[in-house]
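Novice: My structure file start.cif, mmCIF, C-alpha atoms, is below:
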data_target
#
loop_
_atom_site.label_atom_id
_atom_site.label_comp_id
_atom_site.auth_asym_id
_atom_site.auth_seq_id
_atom_site.Cartn_x
_atom_site.Cartn_y
_atom_site.Cartn_z
CA MET A 1 5.83 -29.28 16.32
CA VAL A 2 8.02 -27.38 13.89
CA HIS A 3 6.42 -27.26 10.46
CA GLU A 4 8.51 -28.21 7.48
CA ASP A 5 7.77 -24.93 5.70
CA GLU A 6 9.16 -23.03 8.70
CA ILE A 7 12.41 -25.01 8.46
CA VAL A 8 12.58 -24.35 4.72
CA GLN A 9 12.14 -20.63 5.30
CA ILE A 10 14.84 -20.53 7.99
CA VAL A 11 17.36 -22.52 5.94
CA GLN A 12 16.76 -20.52 2.77
CA SER A 13 17.14 -17.26 4.67
CA ILE A 14 20.49 -18.36 6.17
CA TRP A 15 21.80 -19.73 2.89
CA MET A 16 20.91 -16.55 1.04
CA SER A 17 22.20 -14.03 3.59
CA ILE A 18 25.34 -15.86 4.73
CA LEU A 19 26.30 -17.92 1.68
CA GLY A 20 24.51 -16.24 -1.20
CA LEU A 21 23.62 -19.76 -2.38
CA GLY A 22 20.23 -21.05 -3.43
CA ILE A 23 18.85 -24.09 -1.63
CA VAL A 24 15.56 -25.83 -2.38
CA ALA A 25 13.50 -28.34 -0.45
CA ASP A 26 13.22 -31.31 -2.78
CA GLY A 27 10.57 -33.31 -0.94
CA THR A 28 12.98 -36.13 -0.22
CA ASN A 29 13.16 -37.72 3.20
CA SER A 30 15.19 -40.79 2.22
CA MET A 31 18.36 -39.45 3.77
CA GLN A 32 20.12 -42.82 4.20
CA GLU A 33 19.61 -43.61 0.53
CA ARG A 34 20.89 -40.25 -0.71
CA LEU A 35 23.97 -40.14 1.50
CA SER A 36 24.82 -43.84 1.48
CA GLY A 37 28.31 -44.55 0.19
CA ARG A 38 29.29 -40.89 0.27
CA ARG A 39 31.58 -39.13 2.70
CA THR A 40 29.23 -37.19 4.97
CA LEU A 41 29.33 -34.58 7.71
CA THR A 42 26.75 -34.26 10.44
CA ALA A 43 26.54 -31.22 12.71
CA CYS A 44 24.48 -31.26 15.88
CA VAL A 45 23.34 -28.50 18.23
CA HIS A 46 21.48 -29.67 21.31
CA LEU A 47 18.63 -27.75 22.93
CA THR A 48 18.06 -28.05 26.64
CA GLY A 49 15.42 -26.54 28.90
CA ALA A 50 11.70 -26.47 28.20
CA PHE A 51 12.45 -28.30 24.96
CA GLU A 52 14.92 -31.18 25.06
CA GLY A 53 16.26 -32.24 21.69
CA ALA A 54 18.62 -31.31 18.91
CA THR A 55 18.98 -29.81 15.46
CA LEU A 56 20.99 -31.96 13.08
CA VAL A 57 22.31 -31.12 9.63
CA PHE A 58 23.55 -33.91 7.35
CA CYS A 59 25.33 -33.17 4.09
CA THR A 60 28.00 -34.51 1.76
CA ALA A 61 31.59 -33.56 2.47
CA ARG A 62 31.69 -32.01 -0.99
CA LEU A 63 28.83 -29.63 -0.20
CA ALA A 64 30.21 -28.83 3.25
CA ARG A 65 33.52 -27.86 1.64
CA ARG A 66 31.76 -25.74 -0.99
CA MET A 67 29.77 -23.86 1.68
CA SER A 68 32.88 -23.38 3.81
CA SER A 69 34.71 -22.03 0.79
CA VAL A 70 32.10 -19.27 0.52
CA MET A 71 32.25 -18.43 4.23
CA PHE A 72 36.05 -18.27 4.32
CA GLU A 73 36.39 -16.86 0.79
CA THR A 74 39.04 -19.49 0.21
CA PRO A 75 39.31 -22.12 -2.55
CA PRO A 76 37.75 -25.43 -1.36
CA GLU A 77 41.03 -27.34 -1.71
CA ALA A 78 42.83 -24.83 0.54
CA LEU A 79 40.50 -25.35 3.51
CA SER A 80 41.45 -27.53 6.45
CA VAL A 81 39.16 -30.24 7.83
CA GLU A 82 38.68 -28.02 10.90
CA ASP A 83 37.58 -25.07 8.73
CA VAL A 84 34.91 -27.20 7.04
CA GLN A 85 33.65 -28.61 10.33
CA ASP A 86 33.60 -25.14 11.91
CA ALA A 87 31.56 -23.67 9.04
CA LEU A 88 28.94 -26.45 9.07
CA GLY A 89 28.72 -26.16 12.87
CA GLU A 90 28.02 -22.44 12.59
CA LEU A 91 25.35 -22.90 9.93
CA THR A 92 23.69 -25.51 12.16
CA ASN A 93 23.95 -23.14 15.12
CA MET A 94 22.06 -20.51 13.12
CA ILE A 95 19.36 -22.99 12.14
CA ALA A 96 18.95 -24.12 15.77
CA GLY A 97 18.85 -20.54 17.01
CA ASN A 98 16.05 -19.69 14.62
CA VAL A 99 14.11 -22.89 15.32
CA LYS A 100 14.26 -22.23 19.08
CA PRO A 101 11.60 -19.46 19.15
CA LEU A 102 9.20 -21.85 17.39
CA LEU A 103 9.39 -24.28 20.29
CA GLU A 104 7.47 -23.98 23.53
CA GLY A 105 9.18 -22.39 26.52
CA SER A 106 12.73 -21.22 26.99
CA SER A 107 15.65 -23.41 25.91
CA ARG A 108 19.40 -23.04 25.59
CA LEU A 109 21.65 -24.01 22.69
CA SER A 110 24.77 -26.12 23.09
CA LEU A 111 27.95 -25.39 21.19
CA PRO A 112 27.93 -27.29 17.88
CA SER A 113 29.54 -30.71 17.49
CA VAL A 114 30.43 -32.19 14.11
CA VAL A 115 31.22 -35.73 12.98
CA GLU A 116 32.50 -36.87 9.60
CA GLY A 117 32.73 -40.28 7.96
CA LEU A 118 31.27 -42.86 5.63
CA ASP A 119 28.07 -44.87 6.18
CA TYR A 120 27.63 -44.08 9.87
CA ARG A 121 24.46 -43.44 11.86
CA MET A 122 24.05 -40.38 14.08
CA ILE A 123 21.72 -41.03 17.01
CA VAL A 124 20.48 -38.79 19.80
CA PRO A 125 19.52 -41.49 22.32
CA GLY A 126 15.94 -41.48 23.55
CA SER A 127 14.73 -39.05 20.91
CA ARG A 128 12.22 -39.13 18.08
CA VAL A 129 12.17 -37.19 14.83
CA LEU A 130 9.96 -34.12 15.10
CA SER A 131 10.59 -32.71 11.63
CA GLN A 132 12.84 -33.61 8.75
CA VAL A 133 13.39 -31.78 5.48
CA GLY A 134 15.52 -32.79 2.51
CA PHE A 135 17.18 -30.08 0.45
CA GLU A 136 19.32 -29.76 -2.63
CA CYS A 137 22.09 -27.18 -2.84
CA GLU A 138 24.61 -26.96 -5.68
CA GLY A 139 23.33 -30.34 -6.88
CA GLU A 140 24.19 -32.01 -3.56
CA PRO A 141 21.83 -33.36 -0.86
CA LEU A 142 21.46 -31.80 2.59
CA HIS A 143 19.03 -32.81 5.34
CA VAL A 144 17.83 -30.89 8.38
CA THR A 145 16.31 -32.91 11.20
CA ILE A 146 14.80 -31.72 14.47
CA VAL A 147 14.61 -34.40 17.15
CA GLN A 148 12.90 -34.27 20.53
CA ARG A 149 13.94 -36.30 23.52
CA GLU A 150 11.12 -38.52 24.77
CA ALA A 151 9.97 -37.72 28.28
CA PRO A 152 11.19 -40.35 30.75
CA PRO A 153 8.43 -42.66 32.02
CA ALA A 154 6.66 -41.38 35.12
CA PRO A 155 7.76 -43.11 38.33
CA ALA A 156 5.43 -45.93 39.41
CA MET B 157 38.32 2.83 14.77
CA LYS B 158 39.38 -0.63 15.87
CA VAL B 159 36.74 -3.37 16.30
CA LEU B 160 37.09 -6.55 18.32
CA VAL B 161 35.13 -9.51 16.87
CA ILE B 162 34.45 -12.27 19.42
CA ASP B 163 32.98 -15.50 18.06
CA ASP B 164 33.95 -19.12 18.64
CA SER B 165 33.36 -19.90 14.96
CA ARG B 166 36.33 -19.18 12.72
CA ALA B 167 33.99 -18.95 9.75
CA MET B 168 31.88 -16.29 11.45
CA ARG B 169 34.98 -14.38 12.51
CA ALA B 170 36.10 -14.42 8.87
CA ILE B 171 32.73 -13.12 7.64
CA LEU B 172 32.48 -10.37 10.24
CA SER B 173 36.13 -9.37 9.78
CA LYS B 174 35.63 -8.98 6.04
CA ILE B 175 32.49 -6.85 6.45
CA MET B 176 34.05 -4.63 9.09
CA SER B 177 37.27 -4.20 7.08
CA GLU B 178 35.21 -3.16 4.06
CA LEU B 179 33.52 -0.57 6.26
CA GLY B 180 36.89 0.86 7.20
CA PHE B 181 37.47 -0.68 10.64
CA ASP B 182 40.72 -2.22 11.83
CA VAL B 183 39.80 -5.70 13.03
CA VAL B 184 41.13 -7.87 15.85
CA THR B 185 39.50 -11.14 16.87
CA ALA B 186 39.02 -13.46 19.83
CA ALA B 187 37.47 -16.93 20.11
CA ASP B 188 35.81 -16.65 23.52
CA GLY B 189 34.80 -14.15 26.17
CA ARG B 190 37.91 -14.48 28.32
CA GLU B 191 40.25 -13.97 25.36
CA GLY B 192 38.06 -11.05 24.30
CA LEU B 193 38.39 -9.35 27.67
CA ASP B 194 42.15 -9.88 27.56
CA ARG B 195 42.32 -8.28 24.09
CA LEU B 196 40.26 -5.36 25.30
CA GLY B 197 42.57 -4.87 28.27
CA GLU B 198 45.69 -4.99 26.09
CA ASP B 199 44.51 -2.60 23.37
CA ASP B 200 42.99 0.74 24.32
CA GLY B 201 42.34 1.52 20.65
CA ILE B 202 39.34 -0.80 20.55
CA GLY B 203 36.16 1.28 20.35
CA LEU B 204 33.65 -1.36 19.27
CA VAL B 205 33.07 -5.00 20.20
CA LEU B 206 30.94 -7.44 18.19
CA VAL B 207 30.25 -10.41 20.43
CA ASP B 208 28.36 -13.67 20.05
CA TRP B 209 26.20 -14.86 22.96
CA ASN B 210 26.94 -18.57 22.90
CA LEU B 211 30.66 -18.87 23.61
CA PRO B 212 32.73 -21.47 25.46
CA GLY B 213 33.71 -20.39 28.97
CA MET B 214 32.65 -16.79 29.52
CA ASN B 215 29.67 -16.19 27.22
CA GLY B 216 28.79 -12.95 25.44
CA TYR B 217 26.24 -11.85 28.02
CA GLU B 218 28.79 -12.25 30.81
CA LEU B 219 31.31 -10.31 28.74
CA VAL B 220 28.88 -7.42 28.29
CA LYS B 221 28.33 -7.29 32.06
CA ALA B 222 32.08 -7.43 32.72
CA VAL B 223 32.82 -4.62 30.27
CA ARG B 224 30.09 -2.41 31.70
CA ARG B 225 31.38 -2.94 35.25
CA ASP B 226 34.70 -1.28 34.34
CA PRO B 227 34.53 2.52 33.91
CA ALA B 228 37.66 2.39 31.73
CA TRP B 229 35.48 0.86 29.00
CA ASP B 230 32.53 3.28 29.27
CA GLU B 231 33.12 4.56 25.74
CA VAL B 232 33.38 1.10 24.16
CA ARG B 233 30.31 0.25 22.08
CA LEU B 234 28.97 -3.30 22.32
CA ILE B 235 26.92 -5.07 19.67
CA MET B 236 25.73 -8.62 20.22
CA VAL B 237 25.72 -10.65 16.99
CA THR B 238 24.06 -13.89 17.88
CA THR B 239 21.63 -16.72 17.23
CA GLU B 240 20.10 -16.05 20.66
CA THR B 241 16.68 -14.91 19.47
CA GLU B 242 14.51 -15.04 22.59
CA ARG B 243 12.98 -11.66 23.32
CA GLU B 244 13.68 -12.03 27.05
CA ASN B 245 17.38 -12.58 26.42
CA VAL B 246 17.58 -9.64 24.01
CA SER B 247 16.17 -7.48 26.83
CA ARG B 248 18.64 -8.93 29.33
CA ALA B 249 21.56 -8.10 27.03
CA MET B 250 20.36 -4.55 26.44
CA ASP B 251 19.73 -4.05 30.17
CA ALA B 252 23.26 -5.31 30.87
CA GLY B 253 24.70 -2.63 28.62
CA ALA B 254 24.73 -3.88 25.03
CA ASP B 255 24.23 -0.96 22.64
CA GLU B 256 22.69 -2.98 19.83
CA TYR B 257 21.63 -6.49 18.97
CA VAL B 258 21.97 -8.27 15.59
CA MET B 259 20.43 -11.67 15.04
CA LYS B 260 22.10 -14.29 12.88
CA PRO B 261 21.68 -14.69 9.99
CA PHE B 262 22.38 -11.08 9.13
CA THR B 263 23.32 -9.16 6.03
CA LYS B 264 25.96 -6.48 5.68
CA ASP B 265 23.12 -3.95 5.31
CA VAL B 266 21.61 -4.89 8.66
CA LEU B 267 24.95 -4.51 10.40
CA LEU B 268 25.59 -1.23 8.60
CA GLU B 269 22.20 0.09 9.75
CA LYS B 270 23.14 -0.56 13.38
CA LEU B 271 26.56 1.07 12.95
CA VAL B 272 24.98 4.15 11.40
CA PHE B 273 22.43 4.30 14.23
CA LEU B 274 25.28 4.26 16.76
CA GLY B 275 27.10 6.97 14.83
CA LEU B 276 30.07 4.72 14.10
CA VAL B 277 29.64 4.90 10.33
CA LYS B 278 28.35 7.84 8.35
CA GLU B 279 25.23 7.24 6.28
CA SER B 280 26.19 7.26 2.60
#
Write the structure described by the file as structure tokens, please.
Specialist:
Amino acid sequence: MVHEDEIVQIVQSIWMSILGLGIVADGTNSMQERLSGRRTLTACVHLTGAFEGATLVFCTARLARRMSSVMFETPPEALSVEDVQDALGELTNMIAGNVKPLLEGSSRLSLPSVVEGLDYRMIVPGSRVLSQVGFECEGEPLHVTIVQREAPPAPA
Amino acid sequence: MKVLVIDDSRAMRAILSKIMSELGFDVVTAADGREGLDRLGEDDGIGLVLVDWNLPGMNGYELVKAVRRDPAWDEVRLIMVTTETERENVSRAMDAGADEYVMKPFTKDVLLEKLVFLGLVKES
């Protein structure tokens, strides 16, 4: 189990040291409601080994572009789609890397993958939500979710 | 001194390049371990490598081992800048020949502290 306050601490530490932006947990878990109808990015870093699962970050395209702008020190409108996806992938990679020591046993991180669109669902098949925290940054919603793959049923 | 920054993330390369430029280094970059080794082979002015662990193809740990196998690069300093936080892997990297280890997220001050410790930047 990864406690929500541990996720909050990790995310706030990354946002402060890498972005210099404040981010607060707002106690909201209704991710679908907050992101519905808005262009959204989702970044995913899988963990394999003793722990099987993934770290997912969901946020609005507007916030992703704002954060990327800080990382690249470039005006938001000058960034490419690839720049924005790369930046969110790296932030997710840092979250996953710092969540990893909180999990039992030794696991490896995948390279990040990022999807972008409107009103889609991101699913890691066969997994359940272990922890989920809603945040607000620059007035925009962001969600961090840790999922764990369910163990396959024992052979009969 | 010239520094080679190896990270698959363009955003992280931009952040590290800016910090190292501000500290007076000339910066070259690579997106994976293989490209990093090629850069190192082409440019004998590189005295420091900042390398991520989790890279496509040849990862940072493999790059450290490859650099330390070649006596031509004995003087090159290697700092791993990575999200790989497991104590066992930190030990493996140091045993393989990394000079220092910086965990992401990092601040400019943390990186500066390591560079001062290695004698690559004078303490101000």
Novice: For chain A, report every residue with an atom at most 6 Å from chain B (counting only C-alpha atoms), formatted as a list in words.
Specialist: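 Applying the cut-off to the listed atoms yields Ile14, Ser17, Met71, Phe72, Ala87, Met94 and Gly97 of chain A.
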Novice: For Gln9 of chain A, which of A:Thr55, A:Ser36, A:Thr145, A:Asn98 is the closest residue, counting all atoms listed in the file?
Specialist: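 Nearest candidate to Gln9 of chain A out of A:Thr55, A:Ser36, A:Thr145, A:Asn98: A:Asn98.
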Novice: Between B:Met214, B:Leu206, B:Leu193, B:Ile235, which has the minimum distance to Ser173 of chain B (counting all atoms listed in the file)?
Specialist: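 Looking only at the distances to Ser173 of chain B, the closest residue turns out to be B:Leu206.
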Novice: Would you translate the PyMOL selection byres ((chain B and resi 188) around 9) into the concrete set of residues it matches in this file, as a PyMOL selection string?
Specialist: chain B and resi 162-164+186-187+189-193+207-208+211-216
Novice: Which residue is closest to Leu267 of chain B? Choose from B:Tyr217, B:Met157, B:Ile175, B:Ala228 and count all atoms listed in the file.
Specialist: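 Closest candidate: B:Ile175.
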Novice: Using only C-alpha atoms, which residues sit within 9 Å of Glu231 of chain B once same-chain residues fewer than 2 positions away are excluded, as a list in words?
Specialist: Gly203, Leu204, Pro227, Ala228, Trp229 and Arg233 of chain B
Novice: Given the PyMOL selection byres ((chain A and resi 41) around 12) and the file above, list the residues it selects as a PyMOL selection string.
Specialist: chain A and resi 35+38-40+42-44+56-65+81-82+84-89+92+113-122+141-143
Novice: Check which residues satisfy the PyMOL selection byres ((chain B and resi 179) around 12) in the file shown, then give them as a PyMOL selection string.
Specialist: chain B and resi 157-159+172-178+180-183+264-265+267-269+271-272+276-280
Novice: Could you please fill out segment 41-52 of chain A with all heavy atoms and send it back as a PDB file, in the frame of the given file?
Specialist:
ATOM      1  N   LEU A  41      29.148 -35.289   6.436  1.00  0.00           N
ATOM      2  CA  LEU A  41      29.330 -34.580   7.710  1.00  0.00           C
ATOM      3  C   LEU A  41      27.977 -34.423   8.372  1.00  0.00           C
ATOM      4  O   LEU A  41      26.971 -34.181   7.689  1.00  0.00           O
ATOM      5  CB  LEU A  41      29.935 -33.187   7.509  1.00  0.00           C
ATOM      6  CG  LEU A  41      31.459 -33.107   7.412  1.00  0.00           C
ATOM      7  CD1 LEU A  41      31.915 -33.490   6.006  1.00  0.00           C
ATOM      8  CD2 LEU A  41      31.974 -31.734   7.776  1.00  0.00           C
ATOM      9  N   THR A  42      27.956 -34.529   9.676  1.00  0.00           N
ATOM     10  CA  THR A  42      26.750 -34.260  10.440  1.00  0.00           C
ATOM     11  C   THR A  42      27.100 -33.288  11.554  1.00  0.00           C
ATOM     12  O   THR A  42      28.037 -33.524  12.319  1.00  0.00           O
ATOM     13  CB  THR A  42      26.175 -35.545  11.083  1.00  0.00           C
ATOM     14  OG1 THR A  42      25.951 -36.512  10.060  1.00  0.00           O
ATOM     15  CG2 THR A  42      24.867 -35.254  11.804  1.00  0.00           C
ATOM     16  N   ALA A  43      26.358 -32.183  11.617  1.00  0.00           N
ATOM     17  CA  ALA A  43      26.540 -31.220  12.710  1.00  0.00           C
ATOM     18  C   ALA A  43      25.328 -31.282  13.612  1.00  0.00           C
ATOM     19  O   ALA A  43      24.190 -31.478  13.146  1.00  0.00           O
ATOM     20  CB  ALA A  43      26.705 -29.812  12.145  1.00  0.00           C
ATOM     21  N   CYS A  44      25.557 -31.129  14.902  1.00  0.00           N
ATOM     22  CA  CYS A  44      24.480 -31.260  15.880  1.00  0.00           C
ATOM     23  C   CYS A  44      24.574 -30.134  16.914  1.00  0.00           C
ATOM     24  O   CYS A  44      25.648 -29.858  17.446  1.00  0.00           O
ATOM     25  CB  CYS A  44      24.621 -32.618  16.587  1.00  0.00           C
ATOM     26  SG  CYS A  44      23.422 -32.894  17.895  1.00  0.00           S
ATOM     27  N   VAL A  45      23.442 -29.473  17.130  1.00  0.00           N
ATOM     28  CA  VAL A  45      23.340 -28.500  18.230  1.00  0.00           C
ATOM     29  C   VAL A  45      22.190 -28.948  19.122  1.00  0.00           C
ATOM     30  O   VAL A  45      21.051 -29.076  18.667  1.00  0.00           O
ATOM     31  CB  VAL A  45      23.072 -27.073  17.686  1.00  0.00           C
ATOM     32  CG1 VAL A  45      22.765 -26.107  18.830  1.00  0.00           C
ATOM     33  CG2 VAL A  45      24.287 -26.571  16.901  1.00  0.00           C
ATOM     34  N   HIS A  46      22.502 -29.214  20.366  1.00  0.00           N
ATOM     35  CA  HIS A  46      21.480 -29.670  21.310  1.00  0.00           C
ATOM     36  C   HIS A  46      20.716 -28.488  21.902  1.00  0.00           C
ATOM     37  O   HIS A  46      21.270 -27.390  22.047  1.00  0.00           O
ATOM     38  CB  HIS A  46      22.136 -30.457  22.457  1.00  0.00           C
ATOM     39  CG  HIS A  46      22.657 -31.794  22.023  1.00  0.00           C
ATOM     40  ND1 HIS A  46      21.887 -32.924  22.006  1.00  0.00           N
ATOM     41  CD2 HIS A  46      23.876 -32.170  21.565  1.00  0.00           C
ATOM     42  CE1 HIS A  46      22.590 -33.943  21.569  1.00  0.00           C
ATOM     43  NE2 HIS A  46      23.819 -33.507  21.288  1.00  0.00           N
ATOM     44  N   LEU A  47      19.455 -28.735  22.226  1.00  0.00           N
ATOM     45  CA  LEU A  47      18.630 -27.750  22.930  1.00  0.00           C
ATOM     46  C   LEU A  47      18.249 -28.356  24.275  1.00  0.00           C
ATOM     47  O   LEU A  47      17.809 -29.518  24.339  1.00  0.00           O
ATOM     48  CB  LEU A  47      17.377 -27.408  22.137  1.00  0.00           C
ATOM     49  CG  LEU A  47      17.629 -26.654  20.834  1.00  0.00           C
ATOM     50  CD1 LEU A  47      17.335 -27.538  19.634  1.00  0.00           C
ATOM     51  CD2 LEU A  47      16.765 -25.411  20.780  1.00  0.00           C
ATOM     52  N   THR A  48      18.437 -27.574  25.323  1.00  0.00           N
ATOM     53  CA  THR A  48      18.060 -28.050  26.640  1.00  0.00           C
ATOM     54  C   THR A  48      17.210 -26.996  27.341  1.00  0.00           C
ATOM     55  O   THR A  48      17.363 -25.804  27.108  1.00  0.00           O
ATOM     56  CB  THR A  48      19.305 -28.336  27.513  1.00  0.00           C
ATOM     57  OG1 THR A  48      20.121 -27.160  27.548  1.00  0.00           O
ATOM     58  CG2 THR A  48      20.113 -29.487  26.967  1.00  0.00           C
ATOM     59  N   GLY A  49      16.313 -27.456  28.185  1.00  0.00           N
ATOM     60  CA  GLY A  49      15.420 -26.540  28.900  1.00  0.00           C
ATOM     61  C   GLY A  49      13.992 -27.018  28.727  1.00  0.00           C
ATOM     62  O   GLY A  49      13.709 -28.217  28.866  1.00  0.00           O
ATOM     63  N   ALA A  50      13.093 -26.087  28.385  1.00  0.00           N
ATOM     64  CA  ALA A  50      11.700 -26.470  28.200  1.00  0.00           C
ATOM     65  C   ALA A  50      11.566 -27.483  27.067  1.00  0.00           C
ATOM     66  O   ALA A  50      10.724 -28.385  27.108  1.00  0.00           O
ATOM     67  CB  ALA A  50      10.862 -25.234  27.902  1.00  0.00           C
ATOM     68  N   PHE A  51      12.397 -27.317  26.051  1.00  0.00           N
ATOM     69  CA  PHE A  51      12.450 -28.300  24.960  1.00  0.00           C
ATOM     70  C   PHE A  51      13.775 -29.032  25.058  1.00  0.00           C
ATOM     71  O   PHE A  51      14.843 -28.414  25.150  1.00  0.00           O
ATOM     72  CB  PHE A  51      12.348 -27.588  23.607  1.00  0.00           C
ATOM     73  CG  PHE A  51      12.440 -28.525  22.426  1.00  0.00           C
ATOM     74  CD1 PHE A  51      11.291 -29.122  21.924  1.00  0.00           C
ATOM     75  CD2 PHE A  51      13.657 -28.813  21.828  1.00  0.00           C
ATOM     76  CE1 PHE A  51      11.363 -29.993  20.837  1.00  0.00           C
ATOM     77  CE2 PHE A  51      13.740 -29.683  20.746  1.00  0.00           C
ATOM     78  CZ  PHE A  51      12.590 -30.273  20.246  1.00  0.00           C
ATOM     79  N   GLU A  52      13.703 -30.358  25.031  1.00  0.00           N
ATOM     80  CA  GLU A  52      14.920 -31.180  25.060  1.00  0.00           C
ATOM     81  C   GLU A  52      15.044 -31.881  23.721  1.00  0.00           C
ATOM     82  O   GLU A  52      14.164 -32.673  23.346  1.00  0.00           O
ATOM     83  CB  GLU A  52      14.819 -32.228  26.187  1.00  0.00           C
ATOM     84  CG  GLU A  52      14.768 -31.640  27.581  1.00  0.00           C
ATOM     85  CD  GLU A  52      16.153 -31.301  28.137  1.00  0.00           C
ATOM     86  OE1 GLU A  52      17.140 -31.878  27.633  1.00  0.00           O
ATOM     87  OE2 GLU A  52      16.242 -30.471  29.057  1.00  0.00           O
TER      88      GLU A  52
END
